[in-house]
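Listing of input.csv, CSV, C-alpha atoms and all ligand atoms
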```csv
chain,number,residue,atom,x,y,z
A,1,MET,CA,-12.3,17.4,-5.6
A,2,ARG,CA,-10.1,14.9,-7.6
A,3,VAL,CA,-7.1,12.9,-6.6
A,4,THR,CA,-4.8,10.8,-8.8
A,5,PHE,CA,-4.2,7.3,-7.3
A,6,VAL,CA,-1.1,5.6,-8.7
A,7,THR,CA,-1.2,1.8,-8.5
A,8,SER,CA,-0.8,-1.2,-10.7
A,9,ASN,CA,-3.5,-3.0,-8.8
A,10,PRO,CA,-7.1,-2.6,-10.1
A,11,ASN,CA,-8.6,-4.1,-6.9
A,12,LYS,CA,-7.0,-1.4,-4.8
A,13,TYR,CA,-8.2,1.3,-7.3
A,14,ARG,CA,-11.8,0.0,-7.0
A,15,GLU,CA,-11.7,0.0,-3.2
A,16,VAL,CA,-10.2,3.4,-3.0
A,17,ARG,CA,-12.7,4.9,-5.4
A,18,ARG,CA,-15.5,3.4,-3.4
A,19,ILE,CA,-14.2,4.6,-0.1
A,20,LEU,CA,-13.4,8.2,-1.1
A,21,ARG,CA,-16.7,8.7,-3.0
A,22,PRO,CA,-18.8,9.6,0.1
A,23,PHE,CA,-16.2,12.4,0.8
A,24,GLY,CA,-17.1,13.9,-2.5
A,25,ILE,CA,-13.6,12.9,-3.9
A,26,SER,CA,-13.3,11.5,-7.4
A,27,VAL,CA,-10.4,9.2,-8.0
A,28,ASP,CA,-8.5,9.2,-11.3
A,29,TRP,CA,-6.5,6.0,-11.8
A,30,ARG,CA,-2.9,6.2,-13.0
A,31,ARG,CA,-2.0,2.5,-13.7
A,32,LEU,CA,1.7,2.4,-13.1
A,33,GLU,CA,4.0,-0.1,-11.4
A,34,LEU,CA,6.1,1.8,-8.9
A,35,PRO,CA,9.4,0.4,-7.7
A,36,GLU,CA,9.3,-0.9,-4.1
A,37,PRO,CA,12.6,-0.5,-2.4
A,38,GLN,CA,13.9,-3.0,0.1
A,39,ALA,CA,12.8,-1.1,3.2
A,40,ASP,CA,11.9,-1.9,6.8
A,41,SER,CA,8.7,0.0,6.9
A,42,LEU,CA,5.6,0.6,4.8
A,43,ALA,CA,6.1,4.4,5.4
A,44,GLU,CA,9.6,4.2,3.8
A,45,VAL,CA,8.1,2.3,0.8
A,46,VAL,CA,5.4,4.9,0.4
A,47,ARG,CA,7.8,7.9,0.6
A,48,ALA,CA,9.9,6.2,-2.1
A,49,LYS,CA,6.9,5.6,-4.3
A,50,LEU,CA,5.9,9.3,-4.0
A,51,ALA,CA,9.4,10.4,-4.7
A,52,HIS,CA,9.5,8.3,-7.9
A,53,ILE,CA,6.5,10.1,-9.4
A,54,PRO,CA,7.4,13.3,-11.3
A,55,ARG,CA,6.0,16.6,-10.0
A,56,ARG,CA,2.5,17.2,-11.2
A,57,ARG,CA,-0.4,19.4,-10.4
A,58,GLY,CA,-3.2,18.2,-8.2
A,59,VAL,CA,-3.4,15.7,-5.3
A,60,LEU,CA,-1.4,12.5,-5.7
A,61,LEU,CA,-2.2,9.4,-3.7
A,62,VAL,CA,-0.2,6.1,-3.3
A,63,GLU,CA,-0.3,3.3,-0.8
A,64,ASP,CA,1.5,0.3,0.4
A,65,SER,CA,0.1,-2.6,2.4
A,66,GLY,CA,1.7,-5.4,4.5
A,67,LEU,CA,0.5,-8.4,6.5
A,68,PHE,CA,2.2,-8.9,9.9
A,69,LEU,CA,1.8,-12.4,11.4
A,70,LYS,CA,2.5,-12.6,15.1
A,71,GLY,CA,3.3,-16.4,15.1
A,72,LEU,CA,6.1,-15.6,12.5
A,73,GLY,CA,7.6,-12.6,14.3
A,74,GLY,CA,5.9,-10.1,12.0
A,75,PHE,CA,6.8,-11.9,8.7
A,76,PRO,CA,6.0,-11.3,5.9
A,77,GLY,CA,5.3,-7.7,6.8
A,78,VAL,CA,6.5,-5.3,4.1
A,79,TYR,CA,7.5,-8.3,2.0
A,80,ALA,CA,3.9,-9.6,1.8
A,81,ARG,CA,3.8,-9.1,-1.9
A,82,TYR,CA,7.0,-11.1,-2.6
A,83,VAL,CA,5.8,-13.9,-0.3
A,84,TYR,CA,2.4,-14.0,-2.0
A,85,GLY,CA,4.1,-14.3,-5.4
A,86,THR,CA,6.5,-17.0,-4.3
A,87,ILE,CA,5.1,-19.4,-1.7
A,88,GLY,CA,1.5,-18.0,-2.0
A,89,LEU,CA,-1.3,-18.7,0.4
A,90,PRO,CA,-0.6,-22.5,0.7
A,91,GLY,CA,3.0,-21.7,1.7
A,92,VAL,CA,1.9,-19.1,4.3
A,93,LEU,CA,-0.7,-21.6,5.7
A,94,ARG,CA,2.1,-24.3,5.9
A,95,LEU,CA,4.5,-21.9,7.7
A,96,LEU,CA,1.8,-21.1,10.3
A,97,LYS,CA,1.1,-24.8,11.2
A,98,GLY,CA,1.3,-25.1,15.0
A,99,LYS,CA,1.8,-21.3,15.5
A,100,GLY,CA,-0.3,-18.5,16.8
A,101,ARG,CA,-2.6,-17.2,14.1
A,102,SER,CA,-3.0,-13.5,15.1
A,103,ALA,CA,-2.4,-11.1,12.2
A,104,VAL,CA,-2.5,-7.4,11.4
A,105,PHE,CA,-3.0,-6.0,8.0
A,106,ARG,CA,-1.6,-2.5,7.6
A,107,THR,CA,-2.0,0.1,4.9
A,108,VAL,CA,0.0,3.3,4.8
A,109,ALA,CA,-1.5,5.9,2.4
A,110,GLY,CA,0.7,8.7,1.1
A,111,VAL,CA,-0.6,12.0,-0.2
A,112,ARG,CA,1.4,14.7,-2.0
A,113,HIS,CA,-0.1,18.1,-2.9
A,114,GLY,CA,2.4,20.7,-4.0
A,115,ARG,CA,5.2,20.7,-1.5
A,116,SER,CA,3.1,19.1,1.2
A,117,VAL,CA,3.5,15.3,1.9
A,118,TRP,CA,1.6,13.4,4.6
A,119,LEU,CA,1.1,9.7,5.5
A,120,ILE,CA,-1.9,8.0,7.2
A,121,GLU,CA,-2.0,4.5,8.4
A,122,GLY,CA,-5.0,2.1,8.8
A,123,ARG,CA,-4.9,-1.2,10.5
A,124,SER,CA,-7.2,-4.3,10.6
A,125,THR,CA,-6.5,-6.8,13.3
A,126,GLY,CA,-7.6,-10.4,13.0
A,127,SER,CA,-6.3,-13.9,12.4
A,128,ILE,CA,-5.4,-16.3,9.7
A,129,ALA,CA,-7.9,-19.0,8.8
A,130,LEU,CA,-6.9,-22.7,8.8
A,131,THR,CA,-7.8,-22.9,5.1
A,132,ALA,CA,-8.5,-20.4,2.3
A,133,ARG,CA,-12.2,-19.6,2.1
A,134,GLY,CA,-14.2,-17.4,-0.3
A,135,SER,CA,-13.7,-15.9,-3.8
A,136,ASN,CA,-14.2,-12.2,-3.4
A,137,GLY,CA,-11.4,-9.6,-3.1
A,138,PHE,CA,-7.8,-10.3,-3.8
A,139,GLY,CA,-4.4,-11.3,-2.3
A,140,TYR,CA,-4.6,-12.6,1.2
A,141,ASP,CA,-8.4,-11.9,1.5
A,142,PRO,CA,-9.3,-15.7,1.5
A,143,VAL,CA,-7.2,-16.3,4.6
A,144,PHE,CA,-7.7,-13.1,6.6
A,145,VAL,CA,-10.5,-13.1,9.2
A,146,PRO,CA,-11.0,-9.7,10.8
A,147,THR,CA,-11.6,-9.4,14.5
A,148,GLY,CA,-15.3,-9.8,15.3
A,149,SER,CA,-16.1,-11.9,12.3
A,150,ASP,CA,-16.0,-15.6,11.5
A,151,ARG,CA,-15.7,-15.0,7.8
A,152,THR,CA,-12.7,-14.1,5.7
A,153,TYR,CA,-12.6,-10.9,3.7
A,154,ALA,CA,-13.0,-13.1,0.6
A,155,GLN,CA,-16.4,-14.3,2.0
A,156,MET,CA,-17.6,-10.7,2.5
A,157,THR,CA,-19.1,-8.2,0.1
A,158,ALA,CA,-17.0,-5.2,-0.8
A,159,VAL,CA,-19.1,-3.0,1.5
A,160,GLU,CA,-18.6,-5.4,4.4
A,161,LYS,CA,-14.8,-5.5,3.9
A,162,ASP,CA,-14.7,-1.7,3.9
A,163,ARG,CA,-16.2,-1.6,7.4
A,164,THR,CA,-13.0,-2.9,9.0
A,165,SER,CA,-10.3,-3.0,6.4
A,166,HIS,CA,-6.8,-1.5,6.8
A,167,ARG,CA,-7.2,0.3,3.4
A,168,ALA,CA,-10.7,1.6,4.2
A,169,ARG,CA,-9.4,3.0,7.5
A,170,ALA,CA,-6.4,4.6,6.0
A,171,MET,CA,-8.4,6.1,3.1
A,172,ARG,CA,-11.2,7.4,5.3
A,173,GLY,CA,-8.4,9.2,7.2
A,174,VAL,CA,-7.2,10.6,3.8
A,175,GLY,CA,-10.8,11.6,2.9
A,176,ARG,CA,-11.4,13.5,6.2
A,177,LYS,CA,-8.1,15.3,5.9
A,178,LEU,CA,-8.7,16.4,2.3
A,179,VAL,CA,-12.2,17.6,3.2
A,180,LYS,CA,-10.9,19.7,6.1
A,181,ALA,CA,-8.2,21.2,3.8
A,182,ARG,CA,-10.8,22.0,1.2
A,183,ALA,CA,-13.0,23.7,3.9
A,184,ARG,CA,-10.0,25.8,5.0
A,185,ARG,CA,-9.2,26.9,1.5
A,186,ASN,CA,-12.9,27.8,0.8
A,187,GLY,CA,-13.2,29.6,4.2
A,188,SER,CA,-10.2,31.8,3.5
A,189,ALA,CA,-11.2,32.5,-0.2
B,1,LIG,P1,1.3,-4.3,-1.8
B,1,LIG,O1,2.8,-4.4,-1.6
B,1,LIG,O2,0.7,-3.1,-1.1
B,1,LIG,O3,0.8,-4.4,-3.2
B,1,LIG,O4,0.6,-5.5,-1.0
B,1,LIG,C1,1.3,-6.5,-0.4
B,1,LIG,C2,0.6,-7.9,-0.6
B,1,LIG,O5,-0.6,-7.9,0.2
B,1,LIG,C3,0.2,-8.2,-2.0
B,1,LIG,O6,0.4,-9.5,-2.3
B,1,LIG,C4,-1.2,-7.8,-2.1
B,1,LIG,O7,-2.0,-8.6,-3.0
B,1,LIG,C5,-1.7,-8.1,-0.7
B,1,LIG,N1,-2.7,-7.2,-0.2
B,1,LIG,C6,-2.7,-5.8,-0.2
B,1,LIG,N2,-3.9,-5.4,0.2
B,1,LIG,C7,-4.6,-6.4,0.5
B,1,LIG,C8,-6.0,-6.6,0.9
B,1,LIG,O8,-6.7,-5.6,1.2
B,1,LIG,N3,-6.4,-7.8,1.0
B,1,LIG,C9,-5.7,-8.9,0.8
B,1,LIG,N4,-4.4,-8.8,0.3
B,1,LIG,C10,-3.9,-7.6,0.2
```

Since I need it in another form, could you write the structure as structure tokens?
Amino acid sequence: MRVTFVTSNPNKYREVRRILRPFGISVDWRRLELPEPQADSLAEVVRAKLAHIPRRRGVLLVEDSGLFLKGLGGFPGVYARYVYGTIGLPGVLRLLKGKGRSAVFRTVAGVRHGRSVWLIEGRSTGSIALTARGSNGFGYDPVFVPTGSDRTYAQMTAVEKDRTSHRARAMRGVGRKLVKARARRNGSA
């Protein structure tokens, strides 16, 4: 089975390809920057991304991720990308000084196949480190410490990150659902 993953982010593509492989799903990468509307929820952003892509055959996959910091009332949330590009990790660490450091990373994956559209969310709970650590991964990985670990995602191997990451959880949900749908199609053939 093949899916087309539309993203401008090569790191996301590598993660998704790796996570879906054990399900027997090959991922074709369509490198495209999709507009992200001002929206209150990741789901809204994902629906807008799917709506932006012209109708095509096959299974289409997109995702959007956000970082929700408890000590900042959920900020930056859906605006994580903007915040990363403006104040960056040093700015986020400054904002968190003296505040609670609990954090949740969320990914909403969106799949479109013909007329059918569905979304699946994955979450990783954790905390924000006092300083950036590690050089693997991308984005907020150097400051995100998942629950149960004392290392940031940037200090882990890719396989270790996949055990708990928001994206891995969302994409494993996608993998399971696509495999079930394939079994139903084959069963009724
Ligand atoms: P996006 O809007 O889905 O591209 O992601 C929002 C922000 O979170 C961007 O700055 C990404 O670099 C960052 N981000 C997304 N996923 C991850 C991740 O798995 N680890 C660290 N940062 C991420």

Exercise for review: For ligand LIG 1 (chain B), list the contacting residues at 8 Å or closer, counting all atoms listed in the file, as a list in words.
Suggested key: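 Checked against 8 Å with all atoms listed in the file; the hits are Asn9, Lys12, Glu36, Glu63, Asp64, Ser65, Gly66, Leu67, Val78, Tyr79, Ala80, Arg81, Tyr82, Val83, Tyr84, Gly85, Phe105, Thr107, Gly137, Phe138, Gly139, Tyr140, Asp141, Pro142, Phe144, Tyr153, Ser165, His166 and Arg167 of chain A.
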
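Nearest residue to Leu69 of chain A among A:Val111, A:Val117, A:Leu96, A:Met1 is A:Leu96, counting only C-alpha atoms.
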
Practice item. Up to 10 Å from (-7.0, 14.8, 1.2) in the file's coordinates: name the residues, counting all atoms listed in the file, as a list in words. Key: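 It turns out the residues near that spot are Met1, Arg2, Val3, Leu20, Phe23, Ile25, Val59, Leu60, Leu61, Gly110, Val111, Arg112, His113, Trp118, Met171, Arg172, Gly173, Val174, Gly175, Arg176, Lys177, Leu178, Val179, Lys180, Ala181 and Arg182 of chain A.
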
**Study point:** Separation of atom CA of Val159 of chain A from atom CA of Arg18 of chain A, in Å and rounded to one decimal
**Key:**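 Distance between the two atoms: 8.8 Å.
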
Exercise for review: Could you please determine the separation between atom CA of Asn11 of chain A and atom CA of Arg56 of chain A in Å, to one decimal place?
Suggested key: 24.4 Å

**Study point:** Interatomic distance (Å, one decimal) between atom CA of Asp162 of chain A and atom CA of Lys99 of chain A
**Key:**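 Taking atom CA of Asp162 of chain A as the start and atom CA of Lys99 of chain A as the end point, the length is 28.1 Å.
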
Check your understanding: Closest to Arg17 of chain A among A:Val62, A:Phe5, A:Met156, A:Lys161, using all atoms listed in the file?
Key -> A:Phe5

Practice item. Rank nothing, just name the residue among A:Ala43, A:Ala51, A:Ala154, A:Val6 nearest to Trp29 of chain A, using only C-alpha atoms. Key: A:Val6

Check your understanding: For Val104 of chain A, which residue out of A:Leu72, A:Leu119, A:Ala132, A:Ile87 is the nearest one, using only C-alpha atoms?
Key ->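 Result for the nearest residue to Val104 of chain A: A:Leu72.
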
Check your understanding: Can you list, as a list in words, every protein, DNA or RNA residue that comes within 8 Å of Glu121 of chain A when you count all atoms listed in the file, leaving out same-chain residues fewer than 4 positions away?
Key -> Arg106, Thr107, Val108, Ala109, His166, Arg169 and Ala170 of chain A

Any chance you could export the current selection's C-alpha atoms as a PDB file, in the frame of the given file?
```pdb
ATOM      1  CA  ARG A 106      -1.600  -2.500   7.600  1.00  0.00           C
ATOM      2  CA  THR A 107      -2.000   0.100   4.900  1.00  0.00           C
ATOM      3  CA  VAL A 108       0.000   3.300   4.800  1.00  0.00           C
ATOM      4  CA  ALA A 109      -1.500   5.900   2.400  1.00  0.00           C
ATOM      5  CA  HIS A 166      -6.800  -1.500   6.800  1.00  0.00           C
ATOM      6  CA  ARG A 169      -9.400   3.000   7.500  1.00  0.00           C
ATOM      7  CA  ALA A 170      -6.400   4.600   6.000  1.00  0.00           C
TER       8      ALA A 170
END
```

Pick out the residues sitting within 7 Å of Gly126 of chain A, and hand them over as a JSON list (two decimals) with C-alpha atoms, in the frame of the given file; count only C-alpha atoms, and ignore anything fewer than 5 positions along from it in its own chain.
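Generated output (part-v1.json):
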```
[["chain", "number", "residue", "atom", "x", "y", "z"],
["A", 102, "SER", "CA", -3.00, -13.50, 15.10],
["A", 103, "ALA", "CA", -2.40, -11.10, 12.20],
["A", 104, "VAL", "CA", -2.50, -7.40, 11.40],
["A", 144, "PHE", "CA", -7.70, -13.10, 6.60],
["A", 145, "VAL", "CA", -10.50, -13.10, 9.20],
["A", 146, "PRO", "CA", -11.00, -9.70, 10.80],
["A", 147, "THR", "CA", -11.60, -9.40, 14.50]]
```
